[in-house]
Amino acid sequence: MKPEEHPLHRLFNPESIAVVGASRNPRKIGHIILRNILEAGYRGRVYPVNPNADRILGLRAYPRLTDIPEPVDVAIVAVPAEKVLGVAEDAGRRGVGFLVVISSGFSEVGRRELEEKLVSIARRYGFRVLGPNVAGYLYTPARLNATFGPPRVLEGNIAFVTQSGAFAIALMGATLIEAIGVSAIISVGNKADLDEADLLDYLGVDEHTRVVLHYLEWLRDGRRFLRVLERVAASKPVVVIKAGRSGAGARAAASHTGRLAGSYRVYVSALRQSGALIAKSMEEAFDAAKALAWNPLPEPEKPEEFNVLVVTNGGGAGIQAVDTLEERGVRVREAPESLRGEYARLLPPFASTRNPVDLTGMAPAEWFYEAVRIALRSDWVDALLVLYTQTGLSGPVETAKAILDALRDEGHSKPITVALLGGPECLHAARLLTRNRVPAYPTPERAAAALSFVAEYAWRRWYLREKAGGG
Ligand code: ACO
C-alpha cells in the first residue's frame with residue numbers, strides 16, 4: 001500500500017491542526033503544544049481553540065472546534081478529562097479526522113467508562129483517537145511537533161512508538177545528544193482506539209522510516225500486533241523493549257497503566273517468532289536502532305554462515321567483543337587463509353590475523369584504514385566490528401577519519417560498528433563517526449551487541465521470507 005492511501009496518512013500529514021485548550025499561559029501544556037507546532041515549522045493551518053481568549057501566539061483563537069470555518073484534520077486536546085467528551089462531540093460535528101487526547105484521568109486511574117464514552121463518540125462520528133493520556137506525537141518529514149516536549153529534535157529515519165509518554169519526551173532531547181535522528185515519535189498512552197498495531201502498520205509503509213522501535217507494556221490485541229509485525233519485519237527492522245521483565249517490573253507496569261503486563265517470556269517468544277528484535281534496555285534499543293538504521297542490511301542466502309570480522313588494536317577489547325557476539329548467537333569464525341594472508345602482509349609477524357585481527361598496540365591510523373578496506377573488499381566478511389583503544393601512535397579522531405576514508409574509498413557496502421575506548425577525544429571521534437552515520441559506541445560490548453542485532457535481523461528476515469514463500 002502507498003502511504004497516501006493508508007488510513008493514518010492524514011494523522012501524519014495533516015493539512016490543518018487545532019489545539020483545544022491552547023492556553024494563554026506559557027507554562028501550561030496546551031500553550032507549549034501550540035508553540036511547538038509553530039516553532040517546528042509546520043506548514044499547514046493552525047487553529048488555537050480557547051473560549052477565554054481572542055488571540056494566542058499571534059493566531060486568532062476560536063471558542064469551540066465547531067466555530068472553525070475550515071476543515072480540521074487533527075485536533076490536539078489539552079483540557080481537563082471532564083471536558084473531553086464535550087470536545088469530542090464538537091470534533092465529530094466539525095468533521096475532525098483524528099483526536100489526540102493529551103488529558104490524563106481516564107482508564108489509567110480506573111475511569112474506564114469515561115474512556116469508553118470517548119471511543120463511542122469517535123465511532124459514531126467516524127474519527128480516530130490517539131490516547132488519552134499521551135505526550136503527543138511528532139513526525140519530522142511534515143515538520144510536525146505536536147508534543148509538550150522540547151521544540152527541536154534531530155531528523156532521521158528511526159520511528160519510536162511508546163506507551164510511556166515520559167520516554168517520548170526524553171528521547172526528543174536525547175536525539176540531539178546521541179545523534180539519533182527520528183522520523184516519528186508517538187506516545188500511545190491508554191490506547192483507547194489507535195494502538196501499536198495501527199501505528200506499526202503505517203510506519204511499515206512510511207518511506208521516511210527505516211527502523212521502528214516500540215516500548216511496550218501490554219497489548220490489547222496481541223494476535224493483531226503479531227500479524228502486522230510479521231509483515232513489517234519482513235522489510236524493515238522492528239526493535240521491541242517489552243517492559244515488566246521481573247515480577248516487580250510487571251507490578252509497576254500494572255500500576256502505570258491499570259493493566260496487566262502479561263508473562264514476559266510468553267510475550268518475548270511470540271514477538272521473536274514474528275520477527276521482532278528484543279532489546280532489554282533503552283540503551284540497547286537505541287544502540288541497535290543506530291546500527292540498523294545507518295548500515296546496509298545484509299540479505300545472506302545462508303544466514304547461519306554470516307561472518308563477522310573483528311579488527312582491533314587491543315587484545316582485551318577483541319575478546320570482550322567476541323564473547324558478546326557469541327553470547328548473542330553470532331558465531332565468530334576463524335578468517336580463511338586468503339584473508340589472513342592479506343592481513344599478514346600489512347601487520348608485524350607477532351600480530352594475530354585469525355579473527356579478531358589484532359593490529360597490535362603499535363597500529364597507526366593507516367593500518368586501520370587498510371584493515372577496513374581489506375574487510376570491505378573480502379567476500380568472506382559479512383559485517384565488520386572495529387575496536388580502537390586509545391594509544392599515542394594513533395589518536396582517536398585520526399583513527400575515526402581513517403575509518404571514514406576507508407568507507408568512502410571502498411563504499412559503505414557492509415554493516416559496521418565501531419568502539420572507541422579512551423579519554424575525551426574518543427567522544428569527539430565518536431561524534432565525527434555518528435555525524436557520518438557510522439554507529440560508534442564507547443565500549444566493545446556495546447558495539448558488538450549493536451552489530452549482533454544486524455546479524456539477527458538478517459536471520460529473522462530470511463526466516464520470515466522463507467515462511468511467507470513456503471506458504
Ligand atoms: N475548549 C477549549 N479550551 C478550553 C476549554 C474548552 N472546552 N475549557 C477550558 N479551556 C481552556 C482554559 O481556559 C485554559 O486556557 P487559559 O489558561 O488561557 O485560561 C486551557 O484551556 C487549559 O485549561 P485548564 O483548565 O487550565 O487545564 P490545564 O492546562 O491546567 O490542564 C491538562 C489540562 C494538561 C490536559 C491536564 O488536565 C492533564 O490531564 N494533565 C496531564 C497531562 C499528561 O501528563 N498527559 C500524559 C502525558 S504522558 C507523560 O507522562 C509525560
# chains A, B, ... in the order shown; residues from 1 in each chain; ligands from 1
$ residues_around --residues "Gly262 in chain A" --least-positions-apart "3" --cutoff "8 Å" --atoms "only C-alpha atoms" --output "ChimeraX atom specification"
/A:218,250,266-267
$ residues_near_ligand --ligand "ligand 1" --cutoff "7 Å" --atoms "only C-alpha atoms and all ligand atoms" --output "mmCIF file with all heavy atoms, in the first residue's frame"
data_model
loop_
_atom_site.group_PDB
_atom_site.id
_atom_site.type_symbol
_atom_site.label_atom_id
_atom_site.label_comp_id
_atom_site.auth_asym_id
_atom_site.auth_seq_id
_atom_site.Cartn_x
_atom_site.Cartn_y
_atom_site.Cartn_z
ATOM 1 N N VAL A 20 -6.965 22.301 21.118
ATOM 2 C CA VAL A 20 -8.083 22.629 22.004
ATOM 3 C C VAL A 20 -7.547 22.703 23.432
ATOM 4 O O VAL A 20 -6.994 21.714 23.939
ATOM 5 C CB VAL A 20 -9.194 21.546 21.906
ATOM 6 C CG1 VAL A 20 -10.386 21.938 22.772
ATOM 7 C CG2 VAL A 20 -9.598 21.331 20.454
ATOM 8 N N GLY A 21 -7.699 23.890 24.042
ATOM 9 C CA GLY A 21 -7.082 24.102 25.356
ATOM 10 C C GLY A 21 -5.740 24.800 25.181
ATOM 11 O O GLY A 21 -4.863 24.692 26.033
ATOM 12 N N ALA A 22 -5.605 25.516 24.061
ATOM 13 C CA ALA A 22 -4.380 26.297 23.799
ATOM 14 C C ALA A 22 -4.383 27.459 24.790
ATOM 15 O O ALA A 22 -5.035 28.483 24.568
ATOM 16 C CB ALA A 22 -4.381 26.788 22.358
ATOM 17 N N SER A 23 -3.696 27.264 25.879
ATOM 18 C CA SER A 23 -3.751 28.235 26.976
ATOM 19 C C SER A 23 -2.964 29.500 26.644
ATOM 20 O O SER A 23 -1.984 29.470 25.900
ATOM 21 C CB SER A 23 -3.176 27.575 28.227
ATOM 22 O OG SER A 23 -2.979 28.523 29.227
ATOM 23 N N ARG A 24 -3.379 30.602 27.278
ATOM 24 C CA ARG A 24 -2.596 31.839 27.165
ATOM 25 C C ARG A 24 -1.358 31.761 28.046
ATOM 26 O O ARG A 24 -0.437 32.535 27.903
ATOM 27 C CB ARG A 24 -3.460 33.030 27.621
ATOM 28 C CG ARG A 24 -4.619 33.300 26.691
ATOM 29 C CD ARG A 24 -5.710 34.075 27.384
ATOM 30 N NE ARG A 24 -6.357 33.270 28.425
ATOM 31 C CZ ARG A 24 -7.377 33.685 29.173
ATOM 32 N NH1 ARG A 24 -7.851 34.896 29.025
ATOM 33 N NH2 ARG A 24 -7.916 32.890 30.084
ATOM 34 N N ASN A 25 -1.381 30.849 28.986
ATOM 35 C CA ASN A 25 -0.288 30.742 29.968
ATOM 36 C C ASN A 25 0.859 29.892 29.398
ATOM 37 O O ASN A 25 0.688 28.705 29.133
ATOM 38 C CB ASN A 25 -0.869 30.087 31.230
ATOM 39 C CG ASN A 25 0.168 29.928 32.321
ATOM 40 O OD1 ASN A 25 1.371 30.009 32.071
ATOM 41 N ND2 ASN A 25 -0.311 29.696 33.524
ATOM 42 N N LYS A 28 1.552 26.290 30.568
ATOM 43 C CA LYS A 28 0.555 25.211 30.506
ATOM 44 C C LYS A 28 0.752 24.368 29.243
ATOM 45 O O LYS A 28 1.219 24.862 28.205
ATOM 46 C CB LYS A 28 -0.850 25.795 30.520
ATOM 47 C CG LYS A 28 -1.238 26.283 31.910
ATOM 48 C CD LYS A 28 -2.720 26.484 31.990
ATOM 49 C CE LYS A 28 -3.118 26.881 33.396
ATOM 50 N NZ LYS A 28 -4.565 27.075 33.480
ATOM 51 N N ILE A 29 0.342 23.102 29.377
ATOM 52 C CA ILE A 29 0.609 22.123 28.314
ATOM 53 C C ILE A 29 0.029 22.559 26.964
ATOM 54 O O ILE A 29 0.702 22.486 25.933
ATOM 55 C CB ILE A 29 0.088 20.730 28.754
ATOM 56 C CG1 ILE A 29 1.065 20.132 29.782
ATOM 57 C CG2 ILE A 29 -0.096 19.803 27.559
ATOM 58 C CD1 ILE A 29 0.739 18.723 30.243
ATOM 59 N N GLY A 30 -1.206 23.051 26.961
ATOM 60 C CA GLY A 30 -1.843 23.432 25.694
ATOM 61 C C GLY A 30 -1.081 24.541 24.978
ATOM 62 O O GLY A 30 -0.995 24.563 23.738
ATOM 63 N N VAL A 49 -7.852 26.754 20.006
ATOM 64 C CA VAL A 49 -9.241 26.768 20.474
ATOM 65 C C VAL A 49 -9.225 27.038 21.977
ATOM 66 O O VAL A 49 -8.603 26.290 22.742
ATOM 67 C CB VAL A 49 -9.947 25.422 20.177
ATOM 68 C CG1 VAL A 49 -11.378 25.439 20.723
ATOM 69 C CG2 VAL A 49 -9.944 25.135 18.679
ATOM 70 N N ASN A 50 -9.893 28.141 22.378
ATOM 71 C CA ASN A 50 -9.934 28.529 23.783
ATOM 72 C C ASN A 50 -11.074 29.535 23.929
ATOM 73 O O ASN A 50 -11.029 30.613 23.322
ATOM 74 C CB ASN A 50 -8.581 29.154 24.169
ATOM 75 C CG ASN A 50 -8.508 29.518 25.640
ATOM 76 O OD1 ASN A 50 -9.532 29.761 26.282
ATOM 77 N ND2 ASN A 50 -7.295 29.586 26.164
ATOM 78 N N PRO A 51 -12.115 29.211 24.723
ATOM 79 C CA PRO A 51 -13.273 30.123 24.814
ATOM 80 C C PRO A 51 -12.951 31.415 25.561
ATOM 81 O O PRO A 51 -13.736 32.353 25.530
ATOM 82 C CB PRO A 51 -14.315 29.294 25.589
ATOM 83 C CG PRO A 51 -13.531 28.272 26.331
ATOM 84 C CD PRO A 51 -12.290 28.003 25.537
ATOM 85 N N ASN A 52 -11.788 31.434 26.223
ATOM 86 C CA ASN A 52 -11.469 32.606 27.046
ATOM 87 C C ASN A 52 -10.409 33.511 26.425
ATOM 88 O O ASN A 52 -9.831 34.343 27.128
ATOM 89 C CB ASN A 52 -10.988 32.140 28.427
ATOM 90 C CG ASN A 52 -12.027 31.245 29.095
ATOM 91 O OD1 ASN A 52 -13.194 31.637 29.168
ATOM 92 N ND2 ASN A 52 -11.631 30.069 29.522
ATOM 93 N N ALA A 53 -10.102 33.320 25.144
ATOM 94 C CA ALA A 53 -9.042 34.137 24.531
ATOM 95 C C ALA A 53 -9.422 34.515 23.110
ATOM 96 O O ALA A 53 -10.147 33.779 22.431
ATOM 97 C CB ALA A 53 -7.739 33.342 24.523
ATOM 98 N N PRO A 63 -13.599 29.931 19.949
ATOM 99 C CA PRO A 63 -14.156 29.444 21.221
ATOM 100 C C PRO A 63 -14.338 27.918 21.231
ATOM 101 O O PRO A 63 -14.098 27.265 22.234
ATOM 102 C CB PRO A 63 -15.506 30.144 21.327
ATOM 103 C CG PRO A 63 -15.484 31.254 20.328
ATOM 104 C CD PRO A 63 -14.476 30.901 19.273
ATOM 105 N N ARG A 64 -14.780 27.376 20.086
ATOM 106 C CA ARG A 64 -15.002 25.912 20.014
ATOM 107 C C ARG A 64 -14.547 25.396 18.656
ATOM 108 O O ARG A 64 -14.457 26.152 17.688
ATOM 109 C CB ARG A 64 -16.506 25.609 20.170
ATOM 110 C CG ARG A 64 -17.004 25.904 21.545
ATOM 111 C CD ARG A 64 -18.507 25.822 21.608
ATOM 112 N NE ARG A 64 -19.010 24.478 21.295
ATOM 113 C CZ ARG A 64 -20.268 24.095 21.510
ATOM 114 N NH1 ARG A 64 -21.141 24.945 22.038
ATOM 115 N NH2 ARG A 64 -20.660 22.894 21.187
ATOM 116 N N ALA A 78 -6.057 19.374 25.057
ATOM 117 C CA ALA A 78 -5.354 19.545 26.338
ATOM 118 C C ALA A 78 -6.241 20.328 27.301
ATOM 119 O O ALA A 78 -5.901 21.433 27.738
ATOM 120 C CB ALA A 78 -4.014 20.227 26.114
ATOM 121 N N VAL A 79 -7.420 19.745 27.562
ATOM 122 C CA VAL A 79 -8.307 20.315 28.591
ATOM 123 C C VAL A 79 -8.552 19.210 29.621
ATOM 124 O O VAL A 79 -8.342 18.032 29.321
ATOM 125 C CB VAL A 79 -9.664 20.801 27.987
ATOM 126 C CG1 VAL A 79 -9.443 21.972 27.053
ATOM 127 C CG2 VAL A 79 -10.391 19.664 27.273
ATOM 128 N N PRO A 80 -8.986 19.563 30.833
ATOM 129 C CA PRO A 80 -9.193 18.524 31.850
ATOM 130 C C PRO A 80 -10.149 17.421 31.370
ATOM 131 O O PRO A 80 -11.061 17.676 30.573
ATOM 132 C CB PRO A 80 -9.780 19.303 33.035
ATOM 133 C CG PRO A 80 -9.252 20.703 32.842
ATOM 134 C CD PRO A 80 -9.211 20.917 31.359
ATOM 135 N N ALA A 81 -9.920 16.190 31.863
ATOM 136 C CA ALA A 81 -10.644 14.999 31.387
ATOM 137 C C ALA A 81 -12.163 15.210 31.330
ATOM 138 O O ALA A 81 -12.819 14.775 30.378
ATOM 139 C CB ALA A 81 -10.309 13.814 32.293
ATOM 140 N N LYS A 83 -13.862 17.602 30.512
ATOM 141 C CA LYS A 83 -14.340 18.393 29.364
ATOM 142 C C LYS A 83 -14.103 17.682 28.033
ATOM 143 O O LYS A 83 -14.513 18.183 26.983
ATOM 144 C CB LYS A 83 -13.611 19.741 29.339
ATOM 145 C CG LYS A 83 -13.945 20.606 30.537
ATOM 146 C CD LYS A 83 -13.324 21.977 30.389
ATOM 147 C CE LYS A 83 -13.770 22.870 31.548
ATOM 148 N NZ LYS A 83 -13.112 24.170 31.527
ATOM 149 N N VAL A 87 -15.663 18.108 23.979
ATOM 150 C CA VAL A 87 -14.770 18.454 22.862
ATOM 151 C C VAL A 87 -14.901 17.394 21.763
ATOM 152 O O VAL A 87 -14.923 17.718 20.565
ATOM 153 C CB VAL A 87 -13.302 18.563 23.355
ATOM 154 C CG1 VAL A 87 -12.349 18.734 22.184
ATOM 155 C CG2 VAL A 87 -13.143 19.697 24.351
ATOM 156 N N ILE A 102 -4.412 14.460 24.997
ATOM 157 C CA ILE A 102 -3.288 14.576 25.928
ATOM 158 C C ILE A 102 -3.772 14.305 27.370
ATOM 159 O O ILE A 102 -3.048 13.709 28.175
ATOM 160 C CB ILE A 102 -2.685 16.013 25.863
ATOM 161 C CG1 ILE A 102 -2.289 16.394 24.427
ATOM 162 C CG2 ILE A 102 -1.552 16.188 26.860
ATOM 163 C CD1 ILE A 102 -1.111 15.688 23.845
ATOM 164 N N SER A 103 -4.990 14.715 27.653
ATOM 165 C CA SER A 103 -5.513 14.703 29.025
ATOM 166 C C SER A 103 -5.385 13.353 29.707
ATOM 167 O O SER A 103 -5.706 12.308 29.127
ATOM 168 C CB SER A 103 -6.995 15.093 29.006
ATOM 169 O OG SER A 103 -7.233 16.077 28.029
ATOM 170 N N SER A 104 -4.959 13.390 30.965
ATOM 171 C CA SER A 104 -4.947 12.203 31.820
ATOM 172 C C SER A 104 -6.264 12.154 32.584
ATOM 173 O O SER A 104 -7.035 13.115 32.563
ATOM 174 C CB SER A 104 -3.800 12.300 32.831
ATOM 175 O OG SER A 104 -2.569 12.421 32.172
ATOM 176 N N GLY A 105 -6.486 11.046 33.296
ATOM 177 C CA GLY A 105 -7.683 10.928 34.134
ATOM 178 C C GLY A 105 -8.716 9.993 33.532
ATOM 179 O O GLY A 105 -9.913 10.164 33.754
ATOM 180 N N ASN A 133 -4.243 10.331 27.535
ATOM 181 C CA ASN A 133 -3.078 10.209 28.422
ATOM 182 C C ASN A 133 -1.795 10.065 27.606
ATOM 183 O O ASN A 133 -0.991 9.193 27.858
ATOM 184 C CB ASN A 133 -3.304 9.009 29.363
ATOM 185 C CG ASN A 133 -2.288 8.916 30.473
ATOM 186 O OD1 ASN A 133 -1.764 9.929 30.918
ATOM 187 N ND2 ASN A 133 -1.990 7.705 30.899
ATOM 188 N N VAL A 134 -1.638 10.934 26.618
ATOM 189 C CA VAL A 134 -0.428 10.866 25.787
ATOM 190 C C VAL A 134 0.377 12.164 25.881
ATOM 191 O O VAL A 134 -0.156 13.224 26.236
ATOM 192 C CB VAL A 134 -0.737 10.582 24.287
ATOM 193 C CG1 VAL A 134 -1.373 9.229 24.112
ATOM 194 C CG2 VAL A 134 -1.591 11.675 23.667
ATOM 195 N N ALA A 135 1.649 12.046 25.500
ATOM 196 C CA ALA A 135 2.516 13.229 25.450
ATOM 197 C C ALA A 135 2.442 13.881 24.072
ATOM 198 O O ALA A 135 3.128 14.859 23.813
ATOM 199 C CB ALA A 135 3.944 12.824 25.764
ATOM 200 N N SER A 164 5.095 4.837 27.183
ATOM 201 C CA SER A 164 5.476 5.799 28.213
ATOM 202 C C SER A 164 5.658 7.158 27.552
ATOM 203 O O SER A 164 6.548 7.346 26.721
ATOM 204 C CB SER A 164 6.784 5.365 28.882
ATOM 205 O OG SER A 164 7.411 6.492 29.458
ATOM 206 N N GLY A 165 4.788 8.100 27.927
ATOM 207 C CA GLY A 165 4.898 9.447 27.373
ATOM 208 C C GLY A 165 6.194 10.110 27.801
ATOM 209 O O GLY A 165 6.796 10.883 27.049
ATOM 210 N N ALA A 166 6.643 9.797 29.014
ATOM 211 C CA ALA A 166 7.882 10.398 29.512
ATOM 212 C C ALA A 166 9.067 9.972 28.642
ATOM 213 O O ALA A 166 9.953 10.767 28.346
ATOM 214 C CB ALA A 166 8.108 9.994 30.957
ATOM 215 N N ILE A 169 9.137 12.042 25.460
ATOM 216 C CA ILE A 169 9.681 13.392 25.636
ATOM 217 C C ILE A 169 11.182 13.338 25.885
ATOM 218 O O ILE A 169 11.952 14.135 25.344
ATOM 219 C CB ILE A 169 8.907 14.099 26.763
ATOM 220 C CG1 ILE A 169 7.531 14.469 26.211
ATOM 221 C CG2 ILE A 169 9.650 15.320 27.264
ATOM 222 C CD1 ILE A 169 6.615 15.109 27.185
ATOM 223 N N GLY A 189 -0.159 6.141 24.977
ATOM 224 C CA GLY A 189 -0.958 6.294 26.202
ATOM 225 C C GLY A 189 -1.852 5.103 26.480
ATOM 226 O O GLY A 189 -1.421 3.949 26.428
#
$ atom_distance --atom1 "CA of Pro303 in chain A" --atom2 "CA of Leu277 in chain A"
15.7 Å
$ select_by_dssp --residues "range 189-225 of chain A" --states "strand (DSSP E or B)" --output "VMD selection string"
chain A and resid 211 to 216
$ residues_around --residues "Pro71 in chain A" --least-positions-apart "2" --cutoff "9 Å" --atoms "only C-alpha atoms" --output "list of chain:residue names"
A:Glu15, A:Ser16, A:Ile68, A:Pro69, A:Asp73, A:Arg94, A:Gly95, A:Val96
$ residues_around --residues "Gln390 in chain A" --least-positions-apart "3" --cutoff "8 Å" --atoms "only C-alpha atoms" --output "list in words"
Ser394, Gly395, Pro396, Leu420, Leu421, Gly422, Gly423 and Cys426 of chain A
$ closest_residue --among "A:Met1, A:Glu301, A:Gly110, A:Leu99" --to "Asp201 in chain A" --atoms "only C-alpha atoms"
A:Met1
$ residues_around --residues "Arg224 in chain A" --least-positions-apart "4" --cutoff "9 Å" --atoms "only C-alpha atoms" --output "VMD selection string"
chain A and resid 197 228 to 229
$ write_last_selection --atoms "N, CA and C atoms" --output "compact mmCIF listing (two decimals), in the first residue's frame"
# COMPACT_ATOMS: atom_id res chain seq x y z
N ALA A 197 -0.43 -1.63 16.82
CA ALA A 197 -0.61 -2.33 15.55
C ALA A 197 -0.97 -1.34 14.44
N VAL A 228 0.70 -7.82 12.07
CA VAL A 228 1.28 -6.62 11.44
C VAL A 228 2.80 -6.68 11.54
N LEU A 229 3.29 -7.08 12.72
CA LEU A 229 4.73 -7.16 12.94
C LEU A 229 5.38 -8.08 11.91
$ closest_atom_pairs --of "range 234-314 of chain A" --to "range 431-454 of chain A" --cutoff "7 Å" --atoms "only C-alpha atoms" --output "tab-separated table"
residue	atom	partner	partner_atom	distance
A:Asp287	CA	A:Ala450	CA	5.5
A:Ala288	CA	A:Ala450	CA	4.5
A:Lys290	CA	A:Pro439	CA	6.0
A:Ala291	CA	A:Pro439	CA	5.7
A:Leu292	CA	A:Val454	CA	5.9
A:Trp294	CA	A:Arg437	CA	5.5
A:Leu297	CA	A:Val454	CA	6.9
$ select_by_dssp --residues "range 4-203 of chain A" --states "alpha helix (DSSP H)" --output "PyMOL selection string"
chain A and resi 9-12+29-39+84-94+112-125+165-178+196-203
$ residues_around --residues "Lys236 in chain A" --least-positions-apart "4" --cutoff "7 Å" --atoms "only C-alpha atoms" --output "ChimeraX atom specification"
/A:210-211,232
$ write_last_selection --atoms "N, CA and C atoms" --output "PDB file, in the first residue's frame"
ATOM      1  N   ARG A 210      12.967   3.814   8.569  1.00  0.00           N
ATOM      2  CA  ARG A 210      13.745   2.626   8.210  1.00  0.00           C
ATOM      3  C   ARG A 210      13.726   1.591   9.330  1.00  0.00           C
ATOM      4  N   VAL A 211      13.643   2.066  10.574  1.00  0.00           N
ATOM      5  CA  VAL A 211      13.625   1.160  11.735  1.00  0.00           C
ATOM      6  C   VAL A 211      12.513   1.634  12.662  1.00  0.00           C
ATOM      7  N   VAL A 232       5.609  -6.287   8.584  1.00  0.00           N
ATOM      8  CA  VAL A 232       6.555  -5.158   8.544  1.00  0.00           C
ATOM      9  C   VAL A 232       7.996  -5.648   8.691  1.00  0.00           C
TER      10      VAL A 232
END
$ atom_distance --atom1 "CA of Val129 in chain A" --atom2 "CA of Thr66 in chain A"
17.9 Å
$ residues_around --residues "Asn190 in chain A" --least-positions-apart "6" --cutoff "8 Å" --atoms "only C-alpha atoms" --output "list in words"
Ser107, Glu108, Gly131, Pro132, Asn133, Val134, Gln163 and Thr257 of chain A
$ write_last_selection --atoms "C-alpha atoms" --output "short mmCIF file (atom, residue, chain, number, x, y, z; two decimals), in the first residue's frame"
data_model
loop_
_atom_site.label_atom_id
_atom_site.label_comp_id
_atom_site.auth_asym_id
_atom_site.auth_seq_id
_atom_site.Cartn_x
_atom_site.Cartn_y
_atom_site.Cartn_z
CA SER A 107 -8.67 4.22 32.41
CA GLU A 108 -5.19 4.65 33.91
CA GLY A 131 -4.68 8.43 23.61
CA PRO A 132 -5.96 9.54 26.02
CA ASN A 133 -3.08 10.21 28.42
CA VAL A 134 -0.43 10.87 25.79
CA GLN A 163 3.50 3.52 25.95
CA THR A 257 -1.46 1.89 33.10
#
$ atom_distance --atom1 "CA of Val310 in chain A" --atom2 "CA of Leu384 in chain A"
6.1 Å
